[in-house]
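**Q** One structure, pasted below without further comment.
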Number of protein chains: 2
Amino acid sequence: MLDLSLYIILDEGYINNSLSAIVTNICKGGATVIQLREKTKKTKKFLEDALITREITNEFNVLFIVNDRIDIAIAVEADGVHLGNEDISLNYARKIYPDRIIGYSVSGVQQAIEAIKEGATYLGTGCLFPSTTKSKPLVPLSLIADIKKAVNIPVLGIGGITLERVPDVLSAGADGVCVASDVFNHPNLLERVQEFKSKIQSAKI
Amino acid sequence: MLDLSLYIILDEGYINNSLSAIVTNICKGGATVIQLREKTKKTKKFLEDALITREITNEFNVLFIVNDRIDIAIAVEADGVHLGNEDISLNYARKIYPDRIIGYSVSGVQQAIEAIKEGATYLGTGCLFPSTTKSKPLVPLSLIADIKKAVNIPVLGIGGITLERVPDVLSAGADGVCVASDVFNHPNLLERVQEFKSKIQSAKI
């Protein structure tokens, strides 16, 4: 079973320092997955950043997921891609990317069932809490349990998850938490990722 | 040998009408290649537009090239991709896209020689004339002949090519002309593509 328990979403907006240093701190802190999301950068730059991220995540044996761009995921031999509703549709994605992880964002049970049929490896919920990176309609925490009842693949909580909210998200049935702003807005990234790691480990005992 | 003589670049900015109608007119007018370029649209929309373009270009036996996005090119079974200097680098592109056309934009002879080594199928020049879609430094028309002396793959003229400039570009040694604004700014797209077709045919006699 994939360990997706601590899934850090590294949006380009948070790359305000050396990318290597950021990725290294995330890995050292105990993340099990890093997703790289670059929606506005040129493809060439995204590829370069993905190569750096792949190299470091390989060293630390951390899963590496590329947001949206299957071509970049293939080029750098990432472990998978994460797709949203505005990205390439799942059925086409699975056709051209048959063997690796495809994560998909869903905001309802029916959508989750469809996503499984079309080949999703794991699911992320729509935004659970108000987030600084995305302003989207929120979904209730109870959605996690509803989806878990309907499907048997990992379901991750996404959207505004702070350290304090981790126990609630895991109690709600999530197999992991996707975290972005909380760790990147903290003055010490490594330390904050470690705090998430501890919180997840205590919650799971 | 690929017929790249009349290569229409359909930028998203020119899709001001039904895409099907636009693509059909380009094909009917006698284009040998259509490139679809969508730099700002969501991936999902680009995929949908690429599927429409693929279907119509197949009907007319016109080559279909996707700008930048190899994943979309694979998904819709396009004939190839066109890459610029800010897109995925050629060596990675060829690795993940081994069997189809890869066009590459170059602005010098040395770059052209490198591009061939890295697997380019055809080359486009940098901007030859001032263009309304891209504001880039211009390259001289003589570059075409210089590149043709150094490499033996098709070389296309790109950038601000109007109907009147076709003979000069072809006389300079180009295997084809890439056209965008001239045909899309014309009140009758089909008619204008036909005019380009005739001009190319007379120039080649």
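Residue numbers start at 1 in each chain; chains themselves are named A, B, ... in the order of the structure tokens; ligands are numbered from 1 in the order shown.
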Superposition of chain B onto chain A by least squares over all sequentially paired C-alpha atoms; the transformed chain is requested as a PDB file with C-alpha atoms, in the first residue's frame.
**A**
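Dumped everything to part_32.pdb:
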ATOM      1  CA  MET B   1      -0.012  -0.001  -0.011  1.00  0.00           C
ATOM      2  CA  LEU B   2       1.273   3.451  -0.889  1.00  0.00           C
ATOM      3  CA  ASP B   3       2.128   5.651   2.068  1.00  0.00           C
ATOM      4  CA  LEU B   4       0.494   8.952   1.209  1.00  0.00           C
ATOM      5  CA  SER B   5       0.135  10.052   4.818  1.00  0.00           C
ATOM      6  CA  LEU B   6       2.150  13.272   4.573  1.00  0.00           C
ATOM      7  CA  TYR B   7       1.740  14.748   1.117  1.00  0.00           C
ATOM      8  CA  ILE B   8       3.311  18.169   0.574  1.00  0.00           C
ATOM      9  CA  ILE B   9       2.096  20.282  -2.326  1.00  0.00           C
ATOM     10  CA  LEU B  10       4.935  22.506  -3.470  1.00  0.00           C
ATOM     11  CA  ASP B  11       3.316  25.245  -5.533  1.00  0.00           C
ATOM     12  CA  GLU B  12       5.621  27.469  -7.583  1.00  0.00           C
ATOM     13  CA  GLY B  13       4.491  30.405  -5.425  1.00  0.00           C
ATOM     14  CA  TYR B  14       6.362  28.887  -2.496  1.00  0.00           C
ATOM     15  CA  ILE B  15       9.668  28.484  -4.316  1.00  0.00           C
ATOM     16  CA  ASN B  16      11.206  31.599  -2.786  1.00  0.00           C
ATOM     17  CA  ASN B  17      14.503  29.933  -1.962  1.00  0.00           C
ATOM     18  CA  SER B  18      16.750  27.323  -3.545  1.00  0.00           C
ATOM     19  CA  LEU B  19      14.438  24.561  -4.780  1.00  0.00           C
ATOM     20  CA  SER B  20      16.987  21.939  -3.723  1.00  0.00           C
ATOM     21  CA  ALA B  21      16.987  23.251  -0.171  1.00  0.00           C
ATOM     22  CA  ILE B  22      13.190  23.299  -0.024  1.00  0.00           C
ATOM     23  CA  VAL B  23      12.795  19.774  -1.390  1.00  0.00           C
ATOM     24  CA  THR B  24      15.557  18.466   0.864  1.00  0.00           C
ATOM     25  CA  ASN B  25      13.875  19.932   3.946  1.00  0.00           C
ATOM     26  CA  ILE B  26      10.522  18.444   2.985  1.00  0.00           C
ATOM     27  CA  CYS B  27      12.105  15.031   2.528  1.00  0.00           C
ATOM     28  CA  LYS B  28      14.172  15.253   5.714  1.00  0.00           C
ATOM     29  CA  GLY B  29      11.092  16.319   7.656  1.00  0.00           C
ATOM     30  CA  GLY B  30       9.416  13.045   6.821  1.00  0.00           C
ATOM     31  CA  ALA B  31       7.045  13.772   3.931  1.00  0.00           C
ATOM     32  CA  THR B  32       6.026  10.620   2.078  1.00  0.00           C
ATOM     33  CA  VAL B  33       5.015  12.463  -1.104  1.00  0.00           C
ATOM     34  CA  ILE B  34       5.960  15.740  -2.799  1.00  0.00           C
ATOM     35  CA  GLN B  35       3.781  17.166  -5.512  1.00  0.00           C
ATOM     36  CA  LEU B  36       5.280  19.905  -7.684  1.00  0.00           C
ATOM     37  CA  ARG B  37       2.768  22.358  -9.148  1.00  0.00           C
ATOM     38  CA  GLU B  38       3.852  25.010 -11.662  1.00  0.00           C
ATOM     39  CA  LYS B  39       0.906  26.475 -13.486  1.00  0.00           C
ATOM     40  CA  THR B  40       2.455  29.659 -14.837  1.00  0.00           C
ATOM     41  CA  LYS B  41       6.093  28.847 -15.484  1.00  0.00           C
ATOM     42  CA  LYS B  42       7.415  27.913 -18.902  1.00  0.00           C
ATOM     43  CA  THR B  43       7.635  24.208 -19.626  1.00  0.00           C
ATOM     44  CA  LYS B  44      11.430  24.327 -19.785  1.00  0.00           C
ATOM     45  CA  LYS B  45      11.638  25.701 -16.243  1.00  0.00           C
ATOM     46  CA  PHE B  46       9.057  23.221 -14.935  1.00  0.00           C
ATOM     47  CA  LEU B  47      11.120  20.395 -16.432  1.00  0.00           C
ATOM     48  CA  GLU B  48      14.294  21.712 -14.797  1.00  0.00           C
ATOM     49  CA  ASP B  49      12.564  22.012 -11.415  1.00  0.00           C
ATOM     50  CA  ALA B  50      11.054  18.550 -11.809  1.00  0.00           C
ATOM     51  CA  LEU B  51      14.495  17.065 -12.523  1.00  0.00           C
ATOM     52  CA  ILE B  52      15.879  18.600  -9.326  1.00  0.00           C
ATOM     53  CA  THR B  53      12.892  17.375  -7.310  1.00  0.00           C
ATOM     54  CA  ARG B  54      13.161  13.886  -8.799  1.00  0.00           C
ATOM     55  CA  GLU B  55      16.809  13.588  -7.915  1.00  0.00           C
ATOM     56  CA  ILE B  56      16.317  14.555  -4.283  1.00  0.00           C
ATOM     57  CA  THR B  57      13.107  12.574  -3.749  1.00  0.00           C
ATOM     58  CA  ASN B  58      14.900   9.523  -5.141  1.00  0.00           C
ATOM     59  CA  GLU B  59      17.700   9.968  -2.618  1.00  0.00           C
ATOM     60  CA  PHE B  60      15.187  10.073   0.233  1.00  0.00           C
ATOM     61  CA  ASN B  61      12.861   7.461  -1.229  1.00  0.00           C
ATOM     62  CA  VAL B  62       9.971   9.937  -1.242  1.00  0.00           C
ATOM     63  CA  LEU B  63       7.245   9.677  -3.878  1.00  0.00           C
ATOM     64  CA  PHE B  64       7.262  12.437  -6.496  1.00  0.00           C
ATOM     65  CA  ILE B  65       4.034  13.543  -8.156  1.00  0.00           C
ATOM     66  CA  VAL B  66       3.845  16.155 -10.954  1.00  0.00           C
ATOM     67  CA  ASN B  67       0.755  18.346 -11.149  1.00  0.00           C
ATOM     68  CA  ASP B  68      -1.087  18.306 -14.484  1.00  0.00           C
ATOM     69  CA  ARG B  69       1.812  17.688 -16.897  1.00  0.00           C
ATOM     70  CA  ILE B  70       2.036  14.026 -17.852  1.00  0.00           C
ATOM     71  CA  ASP B  71       4.776  14.799 -20.381  1.00  0.00           C
ATOM     72  CA  ILE B  72       6.996  16.197 -17.649  1.00  0.00           C
ATOM     73  CA  ALA B  73       6.152  13.294 -15.338  1.00  0.00           C
ATOM     74  CA  ILE B  74       7.240  10.850 -18.047  1.00  0.00           C
ATOM     75  CA  ALA B  75      10.374  12.835 -18.895  1.00  0.00           C
ATOM     76  CA  VAL B  76      11.689  12.943 -15.326  1.00  0.00           C
ATOM     77  CA  GLU B  77      10.388   9.496 -14.361  1.00  0.00           C
ATOM     78  CA  ALA B  78       8.174  10.826 -11.595  1.00  0.00           C
ATOM     79  CA  ASP B  79       6.070   8.345  -9.646  1.00  0.00           C
ATOM     80  CA  GLY B  80       2.870   9.874 -10.917  1.00  0.00           C
ATOM     81  CA  VAL B  81       0.706  12.865 -11.712  1.00  0.00           C
ATOM     82  CA  HIS B  82      -2.081  14.680  -9.948  1.00  0.00           C
ATOM     83  CA  LEU B  83      -4.979  15.861 -12.085  1.00  0.00           C
ATOM     84  CA  GLY B  84      -7.777  18.281 -11.338  1.00  0.00           C
ATOM     85  CA  ASN B  85     -11.018  18.938 -13.125  1.00  0.00           C
ATOM     86  CA  GLU B  86      -9.400  21.402 -15.500  1.00  0.00           C
ATOM     87  CA  ASP B  87      -6.548  19.095 -16.450  1.00  0.00           C
ATOM     88  CA  ILE B  88      -6.439  16.298 -18.993  1.00  0.00           C
ATOM     89  CA  SER B  89      -9.420  13.997 -18.414  1.00  0.00           C
ATOM     90  CA  LEU B  90      -8.745  10.780 -16.509  1.00  0.00           C
ATOM     91  CA  ASN B  91      -9.619   8.377 -19.292  1.00  0.00           C
ATOM     92  CA  TYR B  92      -7.132  10.003 -21.670  1.00  0.00           C
ATOM     93  CA  ALA B  93      -4.575  10.338 -18.900  1.00  0.00           C
ATOM     94  CA  ARG B  94      -4.723   6.646 -18.045  1.00  0.00           C
ATOM     95  CA  LYS B  95      -4.425   5.732 -21.717  1.00  0.00           C
ATOM     96  CA  ILE B  96      -1.173   7.603 -22.187  1.00  0.00           C
ATOM     97  CA  TYR B  97       0.167   6.977 -18.679  1.00  0.00           C
ATOM     98  CA  PRO B  98      -0.784   3.408 -17.923  1.00  0.00           C
ATOM     99  CA  ASP B  99       1.634   2.236 -15.271  1.00  0.00           C
ATOM    100  CA  ARG B 100       2.082   4.917 -12.668  1.00  0.00           C
ATOM    101  CA  ILE B 101       0.148   6.820 -10.031  1.00  0.00           C
ATOM    102  CA  ILE B 102      -2.663   9.107 -11.110  1.00  0.00           C
ATOM    103  CA  GLY B 103      -4.264  11.142  -8.356  1.00  0.00           C
ATOM    104  CA  TYR B 104      -7.518  12.946  -8.977  1.00  0.00           C
ATOM    105  CA  SER B 105      -9.399  15.667  -7.127  1.00  0.00           C
ATOM    106  CA  VAL B 106     -13.071  14.973  -6.473  1.00  0.00           C
ATOM    107  CA  SER B 107     -15.741  16.847  -4.598  1.00  0.00           C
ATOM    108  CA  GLY B 108     -18.466  14.206  -4.382  1.00  0.00           C
ATOM    109  CA  VAL B 109     -19.044  10.472  -4.017  1.00  0.00           C
ATOM    110  CA  GLN B 110     -20.371   9.920  -7.539  1.00  0.00           C
ATOM    111  CA  GLN B 111     -17.314  11.650  -8.970  1.00  0.00           C
ATOM    112  CA  ALA B 112     -15.107   9.427  -6.806  1.00  0.00           C
ATOM    113  CA  ILE B 113     -16.760   6.274  -8.167  1.00  0.00           C
ATOM    114  CA  GLU B 114     -16.298   7.508 -11.736  1.00  0.00           C
ATOM    115  CA  ALA B 115     -12.672   8.374 -11.054  1.00  0.00           C
ATOM    116  CA  ILE B 116     -11.954   4.832  -9.894  1.00  0.00           C
ATOM    117  CA  LYS B 117     -13.531   3.388 -13.007  1.00  0.00           C
ATOM    118  CA  GLU B 118     -11.335   5.637 -15.104  1.00  0.00           C
ATOM    119  CA  GLY B 119      -8.190   4.513 -13.353  1.00  0.00           C
ATOM    120  CA  ALA B 120      -7.411   6.878 -10.480  1.00  0.00           C
ATOM    121  CA  THR B 121      -4.835   5.538  -7.998  1.00  0.00           C
ATOM    122  CA  TYR B 122      -5.780   7.849  -5.135  1.00  0.00           C
ATOM    123  CA  LEU B 123      -8.272  10.638  -4.591  1.00  0.00           C
ATOM    124  CA  GLY B 124      -7.978  14.065  -3.074  1.00  0.00           C
ATOM    125  CA  THR B 125     -11.016  15.805  -1.704  1.00  0.00           C
ATOM    126  CA  GLY B 126     -12.061  19.231  -2.821  1.00  0.00           C
ATOM    127  CA  CYS B 127     -11.052  21.999  -0.415  1.00  0.00           C
ATOM    128  CA  LEU B 128     -11.886  21.087   3.179  1.00  0.00           C
ATOM    129  CA  PHE B 129     -10.934  24.398   4.763  1.00  0.00           C
ATOM    130  CA  PRO B 130     -10.366  27.925   3.452  1.00  0.00           C
ATOM    131  CA  SER B 131      -6.960  27.925   1.763  1.00  0.00           C
ATOM    132  CA  THR B 132      -4.554  30.679   0.874  1.00  0.00           C
ATOM    133  CA  THR B 133      -3.477  29.032  -2.399  1.00  0.00           C
ATOM    134  CA  LYS B 134      -6.891  28.298  -3.874  1.00  0.00           C
ATOM    135  CA  SER B 135     -10.242  29.997  -3.365  1.00  0.00           C
ATOM    136  CA  LYS B 136     -12.725  27.258  -4.070  1.00  0.00           C
ATOM    137  CA  PRO B 137     -16.042  26.130  -2.649  1.00  0.00           C
ATOM    138  CA  LEU B 138     -15.495  24.007   0.451  1.00  0.00           C
ATOM    139  CA  VAL B 139     -16.538  20.379   0.866  1.00  0.00           C
ATOM    140  CA  PRO B 140     -17.560  19.000   4.285  1.00  0.00           C
ATOM    141  CA  LEU B 141     -15.155  16.839   6.283  1.00  0.00           C
ATOM    142  CA  SER B 142     -17.798  14.091   6.243  1.00  0.00           C
ATOM    143  CA  LEU B 143     -17.188  13.678   2.516  1.00  0.00           C
ATOM    144  CA  ILE B 144     -14.040  11.698   3.339  1.00  0.00           C
ATOM    145  CA  ALA B 145     -15.989   8.973   5.136  1.00  0.00           C
ATOM    146  CA  ASP B 146     -18.640   8.962   2.404  1.00  0.00           C
ATOM    147  CA  ILE B 147     -16.003   8.439  -0.277  1.00  0.00           C
ATOM    148  CA  LYS B 148     -14.194   5.802   1.765  1.00  0.00           C
ATOM    149  CA  LYS B 149     -17.432   3.798   2.030  1.00  0.00           C
ATOM    150  CA  ALA B 150     -17.784   3.845  -1.745  1.00  0.00           C
ATOM    151  CA  VAL B 151     -14.234   3.196  -2.924  1.00  0.00           C
ATOM    152  CA  ASN B 152     -11.207   1.254  -1.739  1.00  0.00           C
ATOM    153  CA  ILE B 153      -8.295   3.435  -2.782  1.00  0.00           C
ATOM    154  CA  PRO B 154      -6.491   6.024  -0.647  1.00  0.00           C
ATOM    155  CA  VAL B 155      -8.383   9.250   0.003  1.00  0.00           C
ATOM    156  CA  LEU B 156      -6.470  12.359   1.038  1.00  0.00           C
ATOM    157  CA  GLY B 157      -7.733  15.500   2.693  1.00  0.00           C
ATOM    158  CA  ILE B 158      -6.806  18.686   0.815  1.00  0.00           C
ATOM    159  CA  GLY B 159      -7.278  22.393   1.328  1.00  0.00           C
ATOM    160  CA  GLY B 160      -6.258  24.607   4.183  1.00  0.00           C
ATOM    161  CA  ILE B 161      -5.048  21.759   6.397  1.00  0.00           C
ATOM    162  CA  THR B 162      -3.105  23.191   9.322  1.00  0.00           C
ATOM    163  CA  LEU B 163      -1.181  21.262  11.951  1.00  0.00           C
ATOM    164  CA  GLU B 164      -4.087  21.630  14.374  1.00  0.00           C
ATOM    165  CA  ARG B 165      -6.559  20.168  11.872  1.00  0.00           C
ATOM    166  CA  VAL B 166      -4.589  16.973  11.190  1.00  0.00           C
ATOM    167  CA  PRO B 167      -6.287  14.840  13.881  1.00  0.00           C
ATOM    168  CA  ASP B 168      -9.771  15.802  12.646  1.00  0.00           C
ATOM    169  CA  VAL B 169      -8.922  14.998   9.041  1.00  0.00           C
ATOM    170  CA  LEU B 170      -7.442  11.630   9.921  1.00  0.00           C
ATOM    171  CA  SER B 171     -10.314  10.817  12.310  1.00  0.00           C
ATOM    172  CA  ALA B 172     -12.659  11.585   9.447  1.00  0.00           C
ATOM    173  CA  GLY B 173     -11.102   8.619   7.645  1.00  0.00           C
ATOM    174  CA  ALA B 174      -8.436  10.193   5.419  1.00  0.00           C
ATOM    175  CA  ASP B 175      -5.387   8.107   4.508  1.00  0.00           C
ATOM    176  CA  GLY B 176      -3.276  11.217   4.499  1.00  0.00           C
ATOM    177  CA  VAL B 177      -3.154  14.987   4.530  1.00  0.00           C
ATOM    178  CA  CYS B 178      -2.101  17.268   1.689  1.00  0.00           C
ATOM    179  CA  VAL B 179      -0.368  20.308   3.078  1.00  0.00           C
ATOM    180  CA  ALA B 180       0.866  23.486   1.445  1.00  0.00           C
ATOM    181  CA  SER B 181       0.547  26.932   3.007  1.00  0.00           C
ATOM    182  CA  ASP B 182       0.958  25.870   6.632  1.00  0.00           C
ATOM    183  CA  VAL B 183       4.460  24.460   6.166  1.00  0.00           C
ATOM    184  CA  PHE B 184       5.648  27.053   3.655  1.00  0.00           C
ATOM    185  CA  ASN B 185       4.428  30.016   5.671  1.00  0.00           C
ATOM    186  CA  HIS B 186       6.276  28.730   8.734  1.00  0.00           C
ATOM    187  CA  PRO B 187       9.701  30.267   9.388  1.00  0.00           C
ATOM    188  CA  ASN B 188      11.289  26.807   9.659  1.00  0.00           C
ATOM    189  CA  LEU B 189      10.121  24.452   6.942  1.00  0.00           C
ATOM    190  CA  LEU B 190      12.019  21.379   8.140  1.00  0.00           C
ATOM    191  CA  GLU B 191      10.773  21.784  11.692  1.00  0.00           C
ATOM    192  CA  ARG B 192       7.189  22.296  10.583  1.00  0.00           C
ATOM    193  CA  VAL B 193       7.202  19.203   8.352  1.00  0.00           C
ATOM    194  CA  GLN B 194       8.579  17.247  11.311  1.00  0.00           C
ATOM    195  CA  GLU B 195       5.719  18.542  13.466  1.00  0.00           C
ATOM    196  CA  PHE B 196       3.213  17.301  10.886  1.00  0.00           C
ATOM    197  CA  LYS B 197       4.980  13.953  10.795  1.00  0.00           C
ATOM    198  CA  SER B 198       4.736  13.586  14.595  1.00  0.00           C
ATOM    199  CA  LYS B 199       1.123  14.672  14.621  1.00  0.00           C
ATOM    200  CA  ILE B 200       0.257  12.068  11.966  1.00  0.00           C
ATOM    201  CA  GLN B 201       2.170   9.368  13.805  1.00  0.00           C
ATOM    202  CA  SER B 202       0.409  10.119  17.114  1.00  0.00           C
ATOM    203  CA  ALA B 203      -2.969  10.287  15.405  1.00  0.00           C
ATOM    204  CA  LYS B 204      -2.408   6.862  13.888  1.00  0.00           C
ATOM    205  CA  ILE B 205      -1.458   5.112  17.155  1.00  0.00           C
TER     206      ILE B 205
END
**Q** Taking only range 14-93 of chain B into account, list the residues labelled helix (DSSP H, G or I) by DSSP (computed from the backbone), as JSON, numbers by chain.
**A** {"B": [14, 19, 20, 21, 22, 23, 24, 25, 26, 27, 28, 29, 43, 44, 45, 46, 47, 48, 49, 50, 51, 52, 53, 54, 55, 56, 57, 58, 59, 60, 70, 71, 72, 73, 74, 75, 76, 90, 91, 92, 93]}
**Q** Using the selection just defined, write its residues with N, CA and C atoms as a tab-separated table (two decimals), in the first residue's frame.
**A**
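Okay, part23.tsv is ready:
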chain	number	residue	atom	x	y	z
B	14	TYR	N	-6.74	33.36	-32.04
B	14	TYR	CA	-7.50	33.46	-33.29
B	14	TYR	C	-8.76	32.59	-33.30
B	19	LEU	N	-14.32	26.41	-33.60
B	19	LEU	CA	-13.02	25.82	-33.95
B	19	LEU	C	-13.15	24.89	-35.15
B	20	SER	N	-14.23	24.11	-35.18
B	20	SER	CA	-14.44	23.19	-36.29
B	20	SER	C	-14.47	23.92	-37.62
B	21	ALA	N	-15.17	25.05	-37.64
B	21	ALA	CA	-15.28	25.82	-38.88
B	21	ALA	C	-13.91	26.35	-39.29
B	22	ILE	N	-13.15	26.84	-38.33
B	22	ILE	CA	-11.83	27.39	-38.63
B	22	ILE	C	-10.91	26.31	-39.19
B	23	VAL	N	-10.87	25.17	-38.51
B	23	VAL	CA	-9.97	24.09	-38.93
B	23	VAL	C	-10.40	23.56	-40.30
B	24	THR	N	-11.71	23.45	-40.50
B	24	THR	CA	-12.21	22.96	-41.78
B	24	THR	C	-11.79	23.90	-42.92
B	25	ASN	N	-11.92	25.20	-42.69
B	25	ASN	CA	-11.53	26.16	-43.72
B	25	ASN	C	-10.03	26.10	-44.02
B	26	ILE	N	-9.23	25.92	-42.99
B	26	ILE	CA	-7.78	25.83	-43.20
B	26	ILE	C	-7.46	24.59	-44.05
B	27	CYS	N	-8.11	23.50	-43.71
B	27	CYS	CA	-7.87	22.26	-44.46
B	27	CYS	C	-8.36	22.39	-45.90
B	28	LYS	N	-9.58	22.89	-46.05
B	28	LYS	CA	-10.15	23.05	-47.40
B	28	LYS	C	-9.32	23.98	-48.26
B	29	GLY	N	-8.72	24.98	-47.62
B	29	GLY	CA	-7.92	25.96	-48.36
B	29	GLY	C	-6.62	25.39	-48.89
B	43	THR	N	-5.60	22.80	-19.49
B	43	THR	CA	-5.25	21.59	-20.22
B	43	THR	C	-6.48	20.87	-20.77
B	44	LYS	N	-7.54	20.85	-19.97
B	44	LYS	CA	-8.76	20.15	-20.38
B	44	LYS	C	-9.30	20.73	-21.69
B	45	LYS	N	-9.30	22.06	-21.77
B	45	LYS	CA	-9.82	22.75	-22.95
B	45	LYS	C	-8.89	22.51	-24.15
B	46	PHE	N	-7.59	22.56	-23.90
B	46	PHE	CA	-6.61	22.32	-24.97
B	46	PHE	C	-6.82	20.91	-25.53
B	47	LEU	N	-7.02	19.95	-24.64
B	47	LEU	CA	-7.27	18.57	-25.09
B	47	LEU	C	-8.52	18.50	-25.95
B	48	GLU	N	-9.59	19.16	-25.50
B	48	GLU	CA	-10.84	19.13	-26.26
B	48	GLU	C	-10.64	19.75	-27.66
B	49	ASP	N	-9.95	20.89	-27.69
B	49	ASP	CA	-9.69	21.55	-28.98
B	49	ASP	C	-8.79	20.67	-29.87
B	50	ALA	N	-7.84	20.01	-29.25
B	50	ALA	CA	-6.93	19.15	-30.02
B	50	ALA	C	-7.68	17.96	-30.60
B	51	LEU	N	-8.65	17.44	-29.86
B	51	LEU	CA	-9.44	16.31	-30.37
B	51	LEU	C	-10.25	16.72	-31.60
B	52	ILE	N	-10.84	17.91	-31.52
B	52	ILE	CA	-11.60	18.43	-32.67
B	52	ILE	C	-10.67	18.61	-33.87
B	53	THR	N	-9.53	19.22	-33.63
B	53	THR	CA	-8.58	19.49	-34.73
B	53	THR	C	-8.07	18.19	-35.34
B	54	ARG	N	-7.83	17.20	-34.46
B	54	ARG	CA	-7.34	15.90	-34.97
B	54	ARG	C	-8.37	15.25	-35.88
B	55	GLU	N	-9.61	15.31	-35.46
B	55	GLU	CA	-10.65	14.64	-36.24
B	55	GLU	C	-10.75	15.24	-37.64
B	56	ILE	N	-10.75	16.56	-37.70
B	56	ILE	CA	-10.91	17.22	-39.00
B	56	ILE	C	-9.65	17.08	-39.86
B	57	THR	N	-8.49	17.25	-39.25
B	57	THR	CA	-7.25	17.10	-40.05
B	57	THR	C	-7.12	15.68	-40.58
B	58	ASN	N	-7.59	14.70	-39.82
B	58	ASN	CA	-7.58	13.32	-40.33
B	58	ASN	C	-8.46	13.17	-41.57
B	59	GLU	N	-9.64	13.78	-41.50
B	59	GLU	CA	-10.56	13.72	-42.65
B	59	GLU	C	-9.91	14.26	-43.91
B	60	PHE	N	-9.15	15.36	-43.74
B	60	PHE	CA	-8.56	16.04	-44.90
B	60	PHE	C	-7.13	15.59	-45.17
B	70	ILE	N	3.48	17.66	-25.25
B	70	ILE	CA	3.66	16.30	-25.77
B	70	ILE	C	2.57	15.38	-25.23
B	71	ASP	N	2.14	15.62	-23.99
B	71	ASP	CA	1.09	14.75	-23.43
B	71	ASP	C	-0.19	14.85	-24.26
B	72	ILE	N	-0.54	16.06	-24.65
B	72	ILE	CA	-1.75	16.23	-25.46
B	72	ILE	C	-1.54	15.63	-26.85
B	73	ALA	N	-0.36	15.82	-27.41
B	73	ALA	CA	-0.06	15.23	-28.73
B	73	ALA	C	-0.23	13.71	-28.69
B	74	ILE	N	0.27	13.10	-27.62
B	74	ILE	CA	0.14	11.64	-27.50
B	74	ILE	C	-1.34	11.26	-27.34
B	75	ALA	N	-2.03	12.00	-26.47
B	75	ALA	CA	-3.43	11.65	-26.17
B	75	ALA	C	-4.32	11.70	-27.40
B	76	VAL	N	-4.11	12.67	-28.27
B	76	VAL	CA	-5.01	12.82	-29.43
B	76	VAL	C	-4.42	12.19	-30.69
B	90	LEU	N	14.80	19.43	-26.29
B	90	LEU	CA	14.68	18.44	-27.37
B	90	LEU	C	15.12	17.04	-26.96
B	91	ASN	N	16.20	16.95	-26.22
B	91	ASN	CA	16.68	15.60	-25.87
B	91	ASN	C	15.66	14.85	-25.00
B	92	TYR	N	15.04	15.55	-24.07
B	92	TYR	CA	13.99	14.90	-23.27
B	92	TYR	C	12.75	14.63	-24.13
B	93	ALA	N	12.44	15.57	-24.98
B	93	ALA	CA	11.25	15.41	-25.83
B	93	ALA	C	11.39	14.16	-26.71
**Q** List every residue of range 91-159 of chain A that DSSP, applied to the backbone, labels as strand (DSSP E or B), and write the result as a list in words.
**A**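 Residues of range 91-159 of chain A classed as strand (DSSP E or B): Ile101, Ile102, Gly103, Tyr104, Ser105, Val106, Tyr122, Leu123, Gly124, Thr125, Gly126, Cys127, Val155, Leu156, Gly157 and Ile158 of chain A.
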**Q** I need the chosen residues saved as a PDB file, in the first residue's frame, with C-alpha atoms.
**A**
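That gives us selection.pdb:
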ATOM      1  CA  ILE A 101       0.145   6.811 -10.034  1.00  0.00           C
ATOM      2  CA  ILE A 102      -2.676   9.108 -11.111  1.00  0.00           C
ATOM      3  CA  GLY A 103      -4.274  11.149  -8.360  1.00  0.00           C
ATOM      4  CA  TYR A 104      -7.527  12.948  -8.983  1.00  0.00           C
ATOM      5  CA  SER A 105      -9.409  15.665  -7.132  1.00  0.00           C
ATOM      6  CA  VAL A 106     -13.073  14.977  -6.472  1.00  0.00           C
ATOM      7  CA  TYR A 122      -5.775   7.856  -5.136  1.00  0.00           C
ATOM      8  CA  LEU A 123      -8.279  10.628  -4.595  1.00  0.00           C
ATOM      9  CA  GLY A 124      -7.978  14.070  -3.086  1.00  0.00           C
ATOM     10  CA  THR A 125     -11.022  15.800  -1.708  1.00  0.00           C
ATOM     11  CA  GLY A 126     -12.064  19.231  -2.816  1.00  0.00           C
ATOM     12  CA  CYS A 127     -11.052  21.999  -0.402  1.00  0.00           C
ATOM     13  CA  VAL A 155      -8.387   9.252   0.000  1.00  0.00           C
ATOM     14  CA  LEU A 156      -6.477  12.348   1.038  1.00  0.00           C
ATOM     15  CA  GLY A 157      -7.746  15.496   2.692  1.00  0.00           C
ATOM     16  CA  ILE A 158      -6.800  18.683   0.826  1.00  0.00           C
TER      17      ILE A 158
END
